Amino acid sequence: MSAFALAVVLASAIQSTDTVVDVRPGDRVVIEQITGEITITAWDRDALELRAEPGGPGVVVRRSGTDLHVENEGRARRRSITAALRVPRWIDLEVESRSLDVSVAGVSGAMRIGSLSGDVSVRDVDGPLDVRTMRGEIVVVDARGTVRVSSQSDDVTLRRISGPVEAHSGDGDLLLEDIQAETVRVEAQDGDVTFSGTITPGGDYGFFVHDGDATIAIPDEASARVSVSTFDGEFRSDFTVQVDRLRSGRELDFVLGSGEARLRIEVFDGEIRLLRR
Amino acid sequence: MSRYHSEWTDGFSDYLAEELGEARQAEVEAHVAECGPCRDVLAELRAVVARAGELGDLEPPRDLWSGIASAIGGPVRALPRRGDPSVIELPSARAAAGSAVAARGAPGRIWRGRAGLAAAAAGLVALSVGTTWWVADARMGPDGAPGTAEAVAGAAVLVADGGAPPADLASELATLEDVLEAARGTLDPNTVLVLERNLGVIEQAIVDSREALALDPGNAFLSEHLERMYRRKLVYLQDAVRVAQWSG
């Protein structure tokens, strides 16, 4: 089956489901316009394996240059599919779909996932990650590269992240746990932000909330210049706060430790809590 | 988490188009009869479909985004210009204006004054562990005087008079809004509904911020916050146009 598939792919033909396709260095996988649910896991072979639900709509692999396109067969475009991919660990991955639940595990290449609707779950990844969904929950666990995630109308959860973080939710809560990043930027229009993580000397941490609470838990020994601003809300602190500067309204600056990092917490309408981890 | 059930709402546009098949149509009707949030979504979707049906086949508003328009495909609709191009009109947000800030009361009453915090304004104050802290006066400066000139000047740089977006953002926001509006008639109604709901959240945040800034024009934090909301809207519209490209 594999040799046959490779031969056909080289001829730019369409593969049927339950397909194994050889993958070469520099290739990437592009998943487009699939509706339904897809699970992507890494394996230690330089090949792409596609398995689709028996009897379901057709899913095909089509090579175009270095891109391996995974897509519905034309007639099945509007039908929902359930499919599983196994890909080389190093592969770069791009997903764009109108309505698709995506689950990815073990991939170390760069990933871009965009959808109008659908939940996204990513685990155990090393490369840069960019996830944007208009409506759908995002969960990222054990990521070691740059993480950029945005859900316009659902919750975002990040756990055990060690690369730079940029997270946004339009209408949903943001939960960031065990974050060990040098730079963190979190923004929410309508939802709570909860952060628990380390503060690295020289790091930059920003939390910006329009309507919601910001709860920031940092180590007792954190060393940071802190700015806190709110239009309508309270500020609670586990730390002893010695005010260096009080600006107009509810804005103040203070220093924790020797002030080696930068920490900004700005909430328009909500409570700010600065807690000890 | 979603308050409605996306596994049902995702199929609503097909339901309205009667493309689900008899059995599935009946299942949707049964679910909607029992689920209020999904019923609301379906009602909104019907309204979107009705509005889409009223759109005519007109020319794109300009050729700047012709690439996007052609990618979207199908007829697009020209929009009437919104007057001064440096000012973005926010009709849907305006409709909701007056609720957010007014509900919180006038700014002078928002800040809960606290005896003893005059000392905090005066200089260095050590706050005890676990304390709750309030600032006594919204307009208080470091010396207890009204807002500083520095703060006022900072605010003036960030947003235009009246809380309008900075000039560099205004034209791009208007263009993107035009592109999305033009694409409306070619998009799946469910897609339009999602895009409109999300945009409503951002626009409400802009309205809140503008009203707050109007009441306290010298507040640098509010000015920066408002600008951040405009930039967030810009990013959102860019994403939405991208979605429109591959959803149309």
# chains A, B, ... in the order shown; residues from 1 in each chain; ligands from 1
>>> select_by_dssp(residues="stretch 5-39 of chain B", states="helix (DSSP H, G or I)", output="list in words")
Ser6, Glu7, Trp8, Thr9, Phe12, Ser13, Asp14, Tyr15, Leu16, Glu22, Ala23, Arg24, Gln25, Ala26, Glu27, Val28, Glu29, Ala30, His31, Val32, Ala33, Glu34, Gly36, Pro37, Cys38 and Arg39 of chain B
>>> write_last_selection(atoms="N, CA and C atoms", output="short mmCIF file (atom, residue, chain, number, x, y, z; two decimals), in the first residue's frame")
data_model
loop_
_atom_site.label_atom_id
_atom_site.label_comp_id
_atom_site.auth_asym_id
_atom_site.auth_seq_id
_atom_site.Cartn_x
_atom_site.Cartn_y
_atom_site.Cartn_z
N SER B 6 -22.62 23.91 20.34
CA SER B 6 -22.09 24.12 18.99
C SER B 6 -22.35 22.92 18.08
N GLU B 7 -22.45 21.73 18.68
CA GLU B 7 -22.71 20.56 17.84
C GLU B 7 -24.09 20.68 17.17
N TRP B 8 -24.96 21.47 17.76
CA TRP B 8 -26.25 21.73 17.13
C TRP B 8 -26.20 23.01 16.30
N THR B 9 -25.65 24.09 16.91
CA THR B 9 -25.71 25.38 16.21
C THR B 9 -24.92 25.36 14.92
N PHE B 12 -27.17 24.84 12.06
CA PHE B 12 -28.39 25.62 11.95
C PHE B 12 -28.58 26.25 10.56
N SER B 13 -27.47 26.67 9.96
CA SER B 13 -27.66 27.28 8.63
C SER B 13 -28.17 26.23 7.64
N ASP B 14 -27.65 25.01 7.76
CA ASP B 14 -28.17 23.95 6.89
C ASP B 14 -29.62 23.64 7.23
N TYR B 15 -29.94 23.75 8.52
CA TYR B 15 -31.33 23.51 8.94
C TYR B 15 -32.25 24.53 8.29
N LEU B 16 -31.84 25.80 8.35
CA LEU B 16 -32.69 26.84 7.76
C LEU B 16 -32.80 26.68 6.25
N GLU B 22 -34.77 14.92 6.45
CA GLU B 22 -35.99 14.98 7.27
C GLU B 22 -35.73 14.60 8.72
N ALA B 23 -34.97 13.53 8.93
CA ALA B 23 -34.75 13.05 10.30
C ALA B 23 -33.95 14.07 11.12
N ARG B 24 -32.90 14.59 10.50
CA ARG B 24 -32.05 15.54 11.22
C ARG B 24 -32.78 16.86 11.46
N GLN B 25 -33.58 17.28 10.49
CA GLN B 25 -34.39 18.50 10.67
C GLN B 25 -35.26 18.34 11.92
N ALA B 26 -35.84 17.17 12.05
CA ALA B 26 -36.72 16.92 13.19
C ALA B 26 -35.93 16.91 14.50
N GLU B 27 -34.72 16.36 14.45
CA GLU B 27 -33.89 16.34 15.66
C GLU B 27 -33.54 17.76 16.10
N VAL B 28 -33.20 18.60 15.12
CA VAL B 28 -32.88 19.99 15.45
C VAL B 28 -34.08 20.66 16.10
N GLU B 29 -35.25 20.46 15.51
CA GLU B 29 -36.46 21.09 16.06
C GLU B 29 -36.72 20.61 17.48
N ALA B 30 -36.48 19.34 17.72
CA ALA B 30 -36.69 18.80 19.06
C ALA B 30 -35.70 19.40 20.05
N HIS B 31 -34.45 19.55 19.62
CA HIS B 31 -33.45 20.12 20.52
C HIS B 31 -33.76 21.59 20.82
N VAL B 32 -34.10 22.32 19.80
CA VAL B 32 -34.37 23.76 19.97
C VAL B 32 -35.58 23.97 20.88
N ALA B 33 -36.52 23.05 20.79
CA ALA B 33 -37.71 23.18 21.63
C ALA B 33 -37.35 23.08 23.12
N GLU B 34 -36.26 22.39 23.41
CA GLU B 34 -35.89 22.17 24.80
C GLU B 34 -34.74 23.06 25.28
N GLY B 36 -33.04 26.64 25.43
CA GLY B 36 -33.23 28.08 25.26
C GLY B 36 -32.08 28.77 24.55
N PRO B 37 -30.81 28.56 24.99
CA PRO B 37 -29.69 29.23 24.32
C PRO B 37 -29.61 28.89 22.83
N CYS B 38 -29.84 27.63 22.49
CA CYS B 38 -29.79 27.26 21.07
C CYS B 38 -30.97 27.88 20.32
N ARG B 39 -32.10 27.97 21.01
CA ARG B 39 -33.26 28.61 20.38
C ARG B 39 -32.95 30.07 20.07
#
>>> interface_residues(of="chain A", to="chain B", cutoff="8 Å", atoms="only C-alpha atoms", output="PDB file with C-alpha atoms, in the first residue's frame")
ATOM      1  CA  GLN A  33     -11.669  22.906   4.648  1.00  0.00           C
ATOM      2  CA  GLU A  96      -7.517  26.147   8.241  1.00  0.00           C
ATOM      3  CA  SER A  97     -11.102  25.105   8.554  1.00  0.00           C
ATOM      4  CA  ARG A  98     -14.571  26.442   9.035  1.00  0.00           C
ATOM      5  CA  SER A  99     -15.645  23.950  11.678  1.00  0.00           C
ATOM      6  CA  SER A 115     -10.759  27.892  12.466  1.00  0.00           C
ATOM      7  CA  LEU A 116     -14.057  29.643  12.542  1.00  0.00           C
ATOM      8  CA  MET A 134     -13.433  32.535  16.304  1.00  0.00           C
ATOM      9  CA  ARG A 135     -15.450  30.166  18.447  1.00  0.00           C
ATOM     10  CA  GLU A 137     -11.976  26.345  23.352  1.00  0.00           C
ATOM     11  CA  GLN A 152     -12.705  35.144  20.250  1.00  0.00           C
ATOM     12  CA  SER A 153     -15.501  33.562  22.217  1.00  0.00           C
ATOM     13  CA  ASP A 154     -14.358  30.721  24.404  1.00  0.00           C
ATOM     14  CA  ASP A 155     -11.947  29.723  27.162  1.00  0.00           C
ATOM     15  CA  GLY A 170     -12.590  37.892  23.440  1.00  0.00           C
ATOM     16  CA  ASP A 171     -15.353  36.332  25.497  1.00  0.00           C
ATOM     17  CA  GLY A 172     -14.028  33.629  27.780  1.00  0.00           C
ATOM     18  CA  GLN A 189     -12.114  41.590  26.649  1.00  0.00           C
ATOM     19  CA  ASP A 190     -14.780  39.794  28.646  1.00  0.00           C
ATOM     20  CA  HIS A 210     -11.388  44.871  30.006  1.00  0.00           C
ATOM     21  CA  ASP A 211     -14.235  43.246  31.928  1.00  0.00           C
ATOM     22  CA  SER A 229      -3.956  50.056  36.868  1.00  0.00           C
ATOM     23  CA  THR A 230      -7.694  49.773  37.154  1.00  0.00           C
ATOM     24  CA  PHE A 231     -10.648  51.946  36.244  1.00  0.00           C
ATOM     25  CA  ASP A 232     -13.272  50.298  38.376  1.00  0.00           C
ATOM     26  CA  GLU A 234     -10.078  46.666  43.718  1.00  0.00           C
ATOM     27  CA  PHE A 235      -6.483  45.677  44.082  1.00  0.00           C
ATOM     28  CA  ARG A 236      -5.583  42.957  46.554  1.00  0.00           C
ATOM     29  CA  SER A 237      -2.049  41.871  47.262  1.00  0.00           C
ATOM     30  CA  ASP A 238      -0.433  39.118  49.259  1.00  0.00           C
ATOM     31  CA  PHE A 239       2.796  41.081  48.943  1.00  0.00           C
ATOM     32  CA  THR A 240       3.798  44.079  50.954  1.00  0.00           C
ATOM     33  CA  VAL A 241       3.381  46.969  48.571  1.00  0.00           C
ATOM     34  CA  GLN A 242       5.466  50.079  48.924  1.00  0.00           C
ATOM     35  CA  VAL A 243       4.096  52.634  46.509  1.00  0.00           C
ATOM     36  CA  ASP A 244       6.782  54.308  44.419  1.00  0.00           C
ATOM     37  CA  ARG A 245       4.501  56.326  42.239  1.00  0.00           C
ATOM     38  CA  LEU A 246       0.822  57.014  42.197  1.00  0.00           C
ATOM     39  CA  ARG A 247      -0.528  58.222  38.904  1.00  0.00           C
ATOM     40  CA  SER A 248      -3.910  59.620  38.025  1.00  0.00           C
ATOM     41  CA  GLY A 249      -6.768  57.412  39.020  1.00  0.00           C
ATOM     42  CA  ARG A 250      -6.139  53.944  40.304  1.00  0.00           C
ATOM     43  CA  GLU A 251      -2.636  53.455  39.048  1.00  0.00           C
ATOM     44  CA  PHE A 268     -10.720  48.268  33.237  1.00  0.00           C
TER      45      PHE A 268
END
>>> closest_residue(among="A:Ala222, A:Ala52, A:Ala188, A:Val228", to="A:Leu256", atoms="only C-alpha atoms")
A:Ala222
>>> residues_around(residues="A:Gly202", least_positions_apart="4", cutoff="10 Å", atoms="only C-alpha atoms", output="VMD selection string")
chain A and resid 182 to 183 223 to 224 259 to 262
>>> closest_residue(among="A:Gly136, A:Pro128, A:Gly212, A:Gly163", to="A:Gly114", atoms="only C-alpha atoms")
A:Gly136
